[in-house]
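A.B. asks: I'm passing along my_file_14.cif; it holds mmCIF, C-alpha atoms.
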data_coords
loop_
_atom_site.label_atom_id
_atom_site.label_comp_id
_atom_site.auth_asym_id
_atom_site.auth_seq_id
_atom_site.Cartn_x
_atom_site.Cartn_y
_atom_site.Cartn_z
CA MET A 1 128.28 168.23 76.02
CA LYS A 2 125.37 166.01 77.04
CA ASN A 3 124.01 165.75 73.51
CA GLU A 4 127.38 164.46 72.30
CA LEU A 5 127.35 161.44 74.60
CA ILE A 6 126.51 157.92 73.51
CA ALA A 7 124.45 155.60 75.67
CA GLY A 8 127.50 153.76 77.07
CA GLN A 9 129.03 157.05 78.23
CA LEU A 10 126.10 158.20 80.34
CA PRO A 11 127.00 158.79 84.00
CA PRO A 12 126.60 155.74 86.28
CA ASP A 13 123.86 157.43 88.31
CA VAL A 14 121.82 158.05 85.15
CA LEU A 15 122.17 154.42 84.08
CA GLU A 16 121.14 153.33 87.58
CA ASP A 17 118.07 155.60 87.43
CA LEU A 18 117.15 154.05 84.08
CA LYS A 19 117.67 150.54 85.41
CA GLN A 20 115.35 151.15 88.34
CA ALA A 21 112.77 152.85 86.13
CA LYS A 22 112.82 149.98 83.65
CA GLN A 23 112.38 147.42 86.44
CA THR A 24 109.22 149.22 87.52
CA LEU A 25 107.85 150.03 84.07
CA GLU A 26 108.38 146.59 82.56
CA HIS A 27 108.12 144.06 85.37
CA GLN A 28 106.08 145.21 88.37
CA GLY A 29 102.38 144.58 87.88
CA LEU A 30 99.54 145.10 90.35
CA ALA A 31 98.27 141.54 89.87
CA ASP A 32 101.53 140.08 91.18
CA ARG A 33 101.41 142.31 94.26
CA LEU A 34 97.82 141.37 95.02
CA THR A 35 98.52 137.67 94.47
CA GLU A 36 101.23 137.87 97.11
CA LEU A 37 98.84 139.64 99.48
CA ILE A 38 95.84 137.35 98.97
CA GLY A 39 97.64 134.08 98.34
CA SER A 40 95.82 133.13 95.14
CA PRO A 41 96.02 134.36 91.52
CA ILE A 42 93.88 137.43 90.86
CA THR A 43 93.00 136.07 87.42
CA ALA A 44 91.02 133.33 89.13
CA SER A 45 89.15 135.88 91.24
CA ILE A 46 88.27 137.94 88.15
CA LYS A 47 86.52 134.94 86.61
CA LEU A 48 84.29 134.71 89.68
CA LEU A 49 82.93 138.25 89.31
CA PRO A 50 79.27 138.33 88.21
CA GLU A 51 78.64 139.36 84.60
CA ILE A 52 76.77 142.44 85.73
CA ALA A 53 80.00 143.68 87.30
CA GLY A 54 81.46 144.28 83.84
CA ASP A 55 78.99 147.02 82.93
CA ALA A 56 79.27 148.60 86.37
CA LEU A 57 83.06 148.61 86.13
CA ASN A 58 83.13 150.11 82.65
CA SER A 59 80.79 152.87 83.75
CA ALA A 60 82.85 153.58 86.88
CA ILE A 61 86.12 153.58 84.91
CA ASN A 62 84.80 156.03 82.32
CA LYS A 63 83.39 158.30 85.01
CA SER A 64 86.66 158.17 86.94
CA LEU A 65 88.81 159.06 83.95
CA LYS A 66 86.49 161.86 82.85
CA THR A 67 86.70 163.32 86.34
CA ALA A 68 90.47 162.88 86.33
CA LEU A 69 90.73 164.60 82.94
CA ASP A 70 88.73 167.55 84.25
CA VAL A 71 91.01 167.78 87.29
CA ALA A 72 94.14 167.40 85.16
CA LEU A 73 93.18 170.21 82.81
CA LYS A 74 91.76 172.66 85.34
CA THR A 75 93.68 172.29 88.60
CA LEU A 76 96.98 170.41 88.19
CA GLY A 77 98.75 173.60 87.13
CA GLU A 78 98.54 174.85 90.71
CA GLU A 79 101.78 174.50 92.67
CA THR A 80 101.87 172.61 95.96
CA LYS A 81 102.88 174.71 98.98
CA THR A 82 105.97 172.65 99.76
CA GLY A 83 106.90 171.55 96.26
CA LYS A 84 107.40 168.01 97.58
CA PRO A 85 105.28 164.94 96.82
CA ARG A 86 102.57 164.38 99.45
CA LEU A 87 102.50 160.64 98.87
CA MET A 88 101.57 159.43 102.33
CA GLY A 89 98.59 161.76 102.69
CA HIS A 90 97.17 160.61 99.37
CA LYS A 91 97.80 156.98 100.31
CA LEU A 92 95.95 157.30 103.60
CA MET A 93 92.95 158.91 101.94
CA ALA A 94 92.92 156.24 99.22
CA GLY A 95 93.03 153.61 101.95
CA LEU A 96 89.90 155.07 103.54
CA THR A 97 87.99 154.93 100.26
CA GLY A 98 89.21 151.36 99.77
CA ALA A 99 87.88 150.43 103.20
CA ALA A 100 84.40 151.40 102.02
CA GLY A 101 84.85 149.29 98.88
CA GLY A 102 85.97 146.31 100.93
CA ALA A 103 83.13 146.63 103.42
CA PHE A 104 80.28 147.11 100.96
CA GLY A 105 81.59 145.36 97.84
CA LEU A 106 80.82 146.06 94.20
CA SER A 107 77.92 148.38 95.01
CA THR A 108 80.39 151.08 96.07
CA VAL A 109 82.67 150.97 93.02
CA ALA A 110 80.86 153.79 91.23
CA LEU A 111 81.41 156.04 94.27
CA GLU A 112 84.82 154.85 95.43
CA LEU A 113 86.76 154.60 92.15
CA PRO A 114 86.42 158.24 90.99
CA VAL A 115 87.64 159.42 94.41
CA SER A 116 90.58 157.00 94.40
CA THR A 117 91.48 157.91 90.81
CA VAL A 118 91.60 161.65 91.53
CA LEU A 119 93.67 161.06 94.69
CA ILE A 120 96.12 159.00 92.64
CA LEU A 121 96.22 161.68 89.92
CA ARG A 122 97.10 164.38 92.45
CA SER A 123 99.83 162.14 93.83
CA ILE A 124 101.14 161.59 90.29
CA ALA A 125 101.17 165.37 89.75
CA ASP A 126 103.25 165.89 92.89
CA ILE A 127 105.75 163.32 91.65
CA ALA A 128 105.83 165.00 88.23
CA ARG A 129 106.66 168.36 89.82
CA SER A 130 109.40 166.78 91.90
CA GLN A 131 110.98 165.55 88.65
CA GLY A 132 110.95 169.03 87.12
CA GLU A 133 107.75 168.90 85.06
CA ASP A 134 106.12 172.24 84.32
CA LEU A 135 102.44 171.56 84.97
CA SER A 136 101.44 174.93 83.59
CA LYS A 137 101.84 173.15 80.24
CA ILE A 138 98.90 171.09 78.98
CA GLU A 139 101.14 168.32 77.64
CA ALA A 140 102.73 167.81 81.06
CA ARG A 141 99.31 167.57 82.73
CA LEU A 142 98.19 165.00 80.19
CA ALA A 143 101.44 163.10 80.82
CA CYS A 144 100.16 162.72 84.40
CA LEU A 145 96.94 161.21 83.07
CA GLU A 146 99.01 158.99 80.75
CA VAL A 147 100.36 157.12 83.80
CA PHE A 148 96.97 155.36 84.03
CA ALA A 149 97.72 153.79 80.64
CA ILE A 150 101.02 152.32 81.84
CA ASP A 151 100.77 148.86 83.34
CA GLY A 152 104.04 147.47 84.62
CA GLY A 153 104.35 143.73 84.12
CA ARG A 154 102.22 143.49 80.98
CA SER A 155 103.09 140.64 78.64
CA GLN A 156 105.44 140.99 75.71
CA ARG A 157 102.58 140.02 73.42
CA ASP A 158 100.34 142.86 74.59
CA ALA A 159 103.22 145.31 74.36
CA LYS A 160 103.84 144.23 70.76
CA SER A 161 100.19 144.95 70.07
CA ASP A 162 100.75 148.51 71.29
CA ALA A 163 103.77 148.89 69.03
CA LYS A 164 101.78 147.56 66.07
CA GLY A 165 98.99 150.01 66.82
CA ALA A 166 101.47 152.86 66.83
CA SER A 167 103.03 151.77 63.54
CA ASP A 168 99.60 151.56 61.89
CA ASP A 169 98.84 155.15 62.83
CA HIS A 170 100.08 157.13 59.85
CA ASP A 171 99.61 160.39 61.74
CA SER A 172 102.08 159.45 64.49
CA GLU A 173 104.79 161.97 65.24
CA PRO A 174 108.14 161.52 63.49
CA GLY A 175 110.72 159.64 65.50
CA LYS A 176 108.18 157.57 67.41
CA ILE A 177 108.15 153.78 67.43
CA ASN A 178 107.33 152.50 63.96
CA ASP A 179 107.87 148.75 64.18
CA GLU A 180 107.35 145.81 66.52
CA THR A 181 110.94 145.67 67.73
CA GLU A 182 110.25 148.28 70.42
CA ILE A 183 107.93 146.90 73.08
CA GLY A 184 106.83 147.75 76.57
CA TYR A 185 106.90 151.23 78.06
CA PHE A 186 107.96 153.15 74.96
CA ALA A 187 105.38 151.29 72.90
CA VAL A 188 102.69 152.55 75.26
CA ARG A 189 103.93 156.10 74.92
CA ALA A 190 104.03 155.76 71.13
CA ALA A 191 100.49 154.38 71.09
CA MET A 192 99.34 157.33 73.24
CA SER A 193 101.32 160.05 71.46
CA LYS A 194 98.76 161.06 68.84
CA GLN A 195 95.86 161.21 71.30
CA ILE A 196 97.90 163.36 73.71
CA ALA A 197 99.12 165.64 70.91
CA ASP A 198 95.58 166.08 69.50
CA ALA A 199 94.11 166.68 72.96
CA SER A 200 96.82 169.24 73.78
CA LYS A 201 96.29 171.13 70.53
CA TYR A 202 92.53 171.17 71.07
CA VAL A 203 92.78 172.54 74.61
CA ILE A 204 95.35 175.18 73.63
CA LYS A 205 93.12 176.32 70.80
CA ASN A 206 89.69 176.02 72.41
CA GLY A 207 90.28 176.28 76.14
CA LEU A 208 89.25 174.01 79.01
CA GLY A 209 85.48 174.29 78.78
CA ASP A 210 84.48 171.22 76.78
CA THR A 211 85.97 167.94 78.05
CA ALA A 212 83.47 166.05 75.88
CA ALA A 213 85.19 167.20 72.67
CA PRO A 214 86.22 164.34 70.33
CA PRO A 215 90.03 164.62 70.87
CA LEU A 216 89.54 164.39 74.64
CA VAL A 217 87.02 161.56 74.37
CA LYS A 218 89.48 159.59 72.21
CA LEU A 219 92.22 160.15 74.78
CA ILE A 220 90.00 158.88 77.59
CA GLY A 221 89.00 155.85 75.52
CA LYS A 222 92.63 154.94 74.87
CA ILE A 223 93.52 155.19 78.55
CA SER A 224 90.34 153.41 79.66
CA ASN A 225 91.21 150.24 77.75
CA ARG A 226 94.38 149.81 79.78
CA PHE A 227 93.33 151.29 83.12
CA GLY A 228 90.33 148.96 83.10
CA MET A 229 92.52 145.87 83.29
CA VAL A 230 94.20 147.07 86.48
CA VAL A 231 90.91 148.22 88.02
CA SER A 232 89.42 144.77 87.33
CA GLU A 233 92.28 143.21 89.29
CA LYS A 234 91.70 145.57 92.21
CA VAL A 235 87.93 145.04 92.28
CA ALA A 236 88.31 141.27 92.01
CA ALA A 237 90.58 141.29 95.05
CA GLN A 238 88.20 143.51 97.03
CA ALA A 239 85.24 141.31 96.09
CA ILE A 240 86.68 138.25 97.86
CA PRO A 241 84.29 137.72 100.82
CA VAL A 242 86.98 137.46 103.51
CA ILE A 243 88.69 140.72 102.52
CA GLY A 244 86.39 143.13 104.35
CA ALA A 245 87.07 146.78 105.17
CA VAL A 246 90.63 146.31 106.45
CA GLY A 247 91.61 144.29 103.38
CA GLY A 248 89.89 146.80 101.10
CA ALA A 249 91.94 149.62 102.59
CA LEU A 250 95.15 147.63 102.15
CA ILE A 251 94.30 146.77 98.54
CA ASN A 252 93.65 150.42 97.75
CA SER A 253 97.00 151.30 99.31
CA TYR A 254 98.60 148.78 96.93
CA PHE A 255 96.61 150.37 94.11
CA ILE A 256 97.95 153.87 94.77
CA ASP A 257 101.46 152.47 95.47
CA HIS A 258 101.37 150.87 92.03
CA TYR A 259 100.67 154.15 90.25
CA GLN A 260 103.03 156.17 92.43
CA ASP A 261 105.83 153.79 91.47
CA LEU A 262 104.89 153.97 87.79
CA ALA A 263 104.72 157.78 87.96
CA ARG A 264 108.13 158.02 89.62
CA ALA A 265 109.66 155.84 86.89
CA HIS A 266 107.77 157.56 84.05
CA PHE A 267 108.79 161.08 85.08
CA THR A 268 112.36 159.98 85.77
CA VAL A 269 112.60 158.87 82.15
CA ARG A 270 111.02 162.13 80.94
CA ARG A 271 113.46 164.16 83.08
CA LEU A 272 116.43 162.32 81.62
CA GLU A 273 115.04 162.80 78.12
CA ARG A 274 114.98 166.55 78.72
CA GLU A 275 118.55 166.49 80.03
CA TYR A 276 120.19 164.13 77.54
CA GLY A 277 117.77 163.89 74.61
CA ALA A 278 115.05 161.32 73.98
CA PRO A 279 116.96 159.17 71.39
CA LEU A 280 119.95 158.71 73.70
CA ILE A 281 117.85 157.82 76.73
CA ARG A 282 115.74 155.39 74.70
CA GLU A 283 118.87 153.66 73.47
CA ALA A 284 120.28 153.44 76.99
CA TYR A 285 116.94 152.19 78.35
CA ARG A 286 117.00 149.31 75.87
CA GLY A 287 120.50 148.38 76.97
CA VAL A 288 120.13 148.35 80.76
CA LYS A 289 119.30 145.03 82.41
#
Can you give me the file's structure in the form of structure tokens?
C.D. replies:
Amino acid sequence: MKNELIAGQLPPDVLEDLKQAKQTLEHQGLADRLTELIGSPITASIKLLPEIAGDALNSAINKSLKTALDVALKTLGEETKTGKPRLMGHKLMAGLTGAAGGAFGLSTVALELPVSTVLILRSIADIARSQGEDLSKIEARLACLEVFAIDGGRSQRDAKSDAKGASDDHDSEPGKINDETEIGYFAVRAAMSKQIADASKYVIKNGLGDTAAPPLVKLIGKISNRFGMVVSEKVAAQAIPVIGAVGGALINSYFIDHYQDLARAHFTVRRLEREYGAPLIREAYRGVK
């Protein structure tokens, strides 16, 4: 019986899946990828952005996530014709929108980012289906949106902050992380759990009409705080004068690659949790190197 196993008795292929997922979820950040591409730290490029860019970015991020939420709730339940992830098609389209961002700079962010975000979301949904998620369920659709809150490669300190935030939330679901010893990916999920649960309950009770309802606004705000850091890295790279349209397209391809990888790892973990139970998979995840 699967539920009678202990972490050390999980099949080798399951442990290998967890190992690969953990490598992605804990260690692969977009900033590192872009630094390799550009040849200089993205953090330095972020400091060079004009102050006015901050307000423009925040506005674009909020608009993008609101659009993505609307798409997640209203259309992600539709099945793809083939049932297989259409990753390359989404990547090519994201590359085209990135080319515009690279050619015309910060002035295009408000137009380009919502399009890129929705393309990434649809790609995430395809990956979710391929891992057995039932996107007719609201919680599964919001789990697709949750991927934007996952940032592989974040520091241990920031992850501890997520765990602390989860432990301070007295309304968190039983069994979730309740101390600072759990950090990283599961801390993010614990920090997001109440917002996703509240948003799901609201939609089930009230329908899909009002995406400006408080539970949905809180969910978007929680995701926005984390998604914004990755978007800032992308925009900083695209704003470098020598990047241009070709570089902008390549950076956007890295951007969608980043979230496709995170989605694949995230929904692998969720699939294994359904098969073997969340406590067992969490224990095994902690143990794999």
A.B. asks: Which is closest to Ser64 (chain A) among A:Gln20, A:Pro114, A:Cys144, A:Pro12, if we use all atoms listed in the file?
C.D. replies: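 For Ser64 (chain A), the nearest of the given residues is A:Pro114.
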A.B. asks: If you measure from CA of Ala56 (chain A) to CA of Gly221 (chain A), what distance in Å do you get, rounded to one decimal?
C.D. replies: 16.3 Å
A.B. asks: Between A:Asp257, A:Asp198, A:Glu275, A:Asp55, which has the minimum distance to Gln131 (chain A) (counting all atoms listed in the file)?
C.D. replies: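 The closest residue to Gln131 (chain A) is A:Glu275.
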A.B. asks: Output the residue selection produced by the PyMOL selection byres ((chain A and resi 120) around 8) on the file above, formatted as a PyMOL selection string.
C.D. replies: chain A and resi 90+94+116-119+121-124+256+259-260
A.B. asks: What is the CA of Ile127 (chain A)-CA of Pro214 (chain A) distance in Å, reported with one decimal?
C.D. replies: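 If I compute the distance from CA of Ile127 (chain A) to CA of Pro214 (chain A), I get 28.9 Å.
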A.B. asks: Please write out, as lines of an AutoDock Vina configuration file, where the centre of an axis-aligned box around all listed atoms of region 203-212 of chain A lies and how long its edges are, in Å to one decimal, after adding 3 Å on each side.
C.D. replies:
center_x = 89.4
center_y = 171.2
center_z = 74.9
size_x = 17.9
size_y = 16.3
size_z = 14.2
A.B. asks: Can you work out the spacing between CA of Lys194 (chain A) and CA of Asn206 (chain A) in Å, to one decimal?
C.D. replies: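 Atom-to-atom, CA of Lys194 (chain A) to CA of Asn206 (chain A), that is 17.9 Å.
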A.B. asks: A:Gly184, A:Gly228, A:Pro11, A:Pro215: which is nearest Leu65 (chain A), counting only C-alpha atoms?
C.D. replies: A:Gly228
A.B. asks: So which residues get picked by the PyMOL selection byres ((chain A and resi 202) around 12) here, written as a list in words?
C.D. replies: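 Going through the file, the PyMOL selection byres ((chain A and resi 202) around 12) ends up selecting Leu73, Ile138, Glu139, Gln195, Ile196, Ala197, Asp198, Ala199, Ser200, Lys201, Val203, Ile204, Lys205, Asn206, Gly207, Leu208, Gly209, Asp210, Thr211, Ala212, Ala213, Pro214, Pro215, Leu216, Val217 and Leu219 of chain A.
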A.B. asks: Taking all atoms listed in the file into account, which of A:Glu146, A:Asp261, A:Asp151, A:Asp13 comes nearest Ala72 (chain A)?
C.D. replies: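 Answer, going by the shortest atom-to-atom distance: A:Glu146.
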A.B. asks: I'd like to know which of A:Lys63, A:Arg274, A:His258, A:His27 is closest to Lys234 (chain A), using only C-alpha atoms.
C.D. replies: A:His258
A.B. asks: So, counting all atoms listed in the file, which residue among A:Ala128, A:Leu34, A:Val14, A:Ala110 is closest to Glu233 (chain A)?
C.D. replies: A:Leu34
